[in-house]
Amino acid sequence: MGGGNGQKSKMAREKNMEKQNAAEKGSQLETNKKAMSIQCKVCMQTFMCTTTEVKCREHAENKHPKSDLFACFPHLKK
């Protein structure tokens, strides 16, 4: 007897909701773009907000040997 179309519809709805919730988690590309908040003022290359002063100094020395570190990254001035 039982097991009519109502049950099938309910199961299909629940399955679709799970798929939709999984798709919303999706990619972190947007989050990563927002985190690229440090920018070299000479070449405009962006770096993650977690980049250390050491990495900034390394970039300035390797890519812009004629420029000062603070010309590339003015936020490092104290």
# chains A, B, ... in the order shown; residues from 1 in each chain; ligands from 1
$ select_by_dssp --residues "chain A" --states "strand (DSSP E or B)" --output "compact mmCIF listing (two decimals) with all heavy atoms, in the first residue's frame"
# COMPACT_ATOMS: atom_id res chain seq x y z
N ILE A 38 47.55 43.48 0.75
CA ILE A 38 48.84 44.17 0.73
C ILE A 38 49.27 44.29 -0.73
O ILE A 38 49.23 43.32 -1.47
CB ILE A 38 49.89 43.39 1.55
CG1 ILE A 38 49.44 43.30 3.00
CG2 ILE A 38 51.25 44.05 1.43
CD1 ILE A 38 50.34 42.44 3.86
N GLN A 39 49.69 45.50 -1.11
CA GLN A 39 50.05 45.72 -2.51
C GLN A 39 51.36 46.49 -2.60
O GLN A 39 51.57 47.48 -1.91
CB GLN A 39 48.94 46.52 -3.20
CG GLN A 39 49.15 46.65 -4.68
CD GLN A 39 47.98 47.36 -5.34
OE1 GLN A 39 47.46 48.33 -4.80
NE2 GLN A 39 47.57 46.89 -6.49
N THR A 46 49.89 42.05 -5.65
CA THR A 46 49.17 41.93 -4.39
C THR A 46 49.66 40.71 -3.61
O THR A 46 50.12 39.73 -4.17
CB THR A 46 47.66 41.80 -4.63
OG1 THR A 46 47.42 40.71 -5.50
CG2 THR A 46 47.10 43.07 -5.22
N PHE A 47 49.54 40.83 -2.28
CA PHE A 47 49.95 39.77 -1.37
C PHE A 47 48.84 39.53 -0.37
O PHE A 47 48.06 40.43 -0.06
CB PHE A 47 51.22 40.18 -0.61
CG PHE A 47 52.40 40.42 -1.50
CD1 PHE A 47 52.64 41.68 -2.04
CD2 PHE A 47 53.26 39.39 -1.82
CE1 PHE A 47 53.72 41.91 -2.86
CE2 PHE A 47 54.35 39.62 -2.65
CZ PHE A 47 54.58 40.87 -3.18
$ residues_around --residues "range 62-76 of chain A" --least-positions-apart "3" --cutoff "9 Å" --atoms "only C-alpha atoms" --output "MDAnalysis selection string"
chainID A and resid 38:44 53 56:59
$ write_last_selection --atoms "N, CA, C and O atoms" --output "mmCIF file, in the first residue's frame"
data_model
loop_
_atom_site.group_PDB
_atom_site.id
_atom_site.type_symbol
_atom_site.label_atom_id
_atom_site.label_comp_id
_atom_site.auth_asym_id
_atom_site.auth_seq_id
_atom_site.Cartn_x
_atom_site.Cartn_y
_atom_site.Cartn_z
ATOM 1 N N ILE A 38 47.549 43.480 0.751
ATOM 2 C CA ILE A 38 48.841 44.170 0.727
ATOM 3 C C ILE A 38 49.273 44.291 -0.727
ATOM 4 O O ILE A 38 49.233 43.322 -1.473
ATOM 5 N N GLN A 39 49.687 45.501 -1.112
ATOM 6 C CA GLN A 39 50.051 45.724 -2.507
ATOM 7 C C GLN A 39 51.364 46.489 -2.603
ATOM 8 O O GLN A 39 51.570 47.485 -1.907
ATOM 9 N N CYS A 40 52.236 46.003 -3.469
ATOM 10 C CA CYS A 40 53.488 46.702 -3.748
ATOM 11 C C CYS A 40 53.143 47.942 -4.576
ATOM 12 O O CYS A 40 52.468 47.836 -5.600
ATOM 13 N N LYS A 41 53.604 49.091 -4.137
ATOM 14 C CA LYS A 41 53.256 50.343 -4.826
ATOM 15 C C LYS A 41 54.062 50.555 -6.098
ATOM 16 O O LYS A 41 53.706 51.384 -6.918
ATOM 17 N N VAL A 42 55.132 49.784 -6.283
ATOM 18 C CA VAL A 42 55.958 49.934 -7.482
ATOM 19 C C VAL A 42 55.389 49.107 -8.635
ATOM 20 O O VAL A 42 55.140 49.622 -9.725
ATOM 21 N N CYS A 43 55.149 47.808 -8.383
ATOM 22 C CA CYS A 43 54.689 46.935 -9.467
ATOM 23 C C CYS A 43 53.217 46.532 -9.333
ATOM 24 O O CYS A 43 52.692 45.830 -10.186
ATOM 25 N N MET A 44 52.575 46.951 -8.275
ATOM 26 C CA MET A 44 51.157 46.689 -8.011
ATOM 27 C C MET A 44 50.842 45.209 -7.803
ATOM 28 O O MET A 44 49.698 44.797 -7.930
ATOM 29 N N GLU A 53 56.573 40.777 7.169
ATOM 30 C CA GLU A 53 57.493 41.840 6.748
ATOM 31 C C GLU A 53 58.696 41.237 6.023
ATOM 32 O O GLU A 53 59.219 41.834 5.086
ATOM 33 N N CYS A 56 57.806 40.723 2.442
ATOM 34 C CA CYS A 56 57.749 42.022 1.761
ATOM 35 C C CYS A 56 59.157 42.524 1.463
ATOM 36 O O CYS A 56 59.430 43.004 0.363
ATOM 37 N N ARG A 57 60.034 42.393 2.447
ATOM 38 C CA ARG A 57 61.427 42.825 2.272
ATOM 39 C C ARG A 57 62.089 42.001 1.164
ATOM 40 O O ARG A 57 62.800 42.542 0.316
ATOM 41 N N GLU A 58 61.830 40.695 1.158
ATOM 42 C CA GLU A 58 62.392 39.807 0.138
ATOM 43 C C GLU A 58 61.925 40.224 -1.258
ATOM 44 O O GLU A 58 62.718 40.274 -2.196
ATOM 45 N N HIS A 59 60.637 40.545 -1.387
ATOM 46 C CA HIS A 59 60.093 40.987 -2.672
ATOM 47 C C HIS A 59 60.778 42.282 -3.111
ATOM 48 O O HIS A 59 61.196 42.403 -4.262
#
$ atom_distance --atom1 "CA of Thr31 in chain A" --atom2 "CA of Thr50 in chain A"
13.3 Å
$ atom_distance --atom1 "CA of Met48 in chain A" --atom2 "CA of Asn32 in chain A"
7.9 Å
$ atom_distance --atom1 "CA of Thr51 in chain A" --atom2 "CA of Met36 in chain A"
9.4 Å
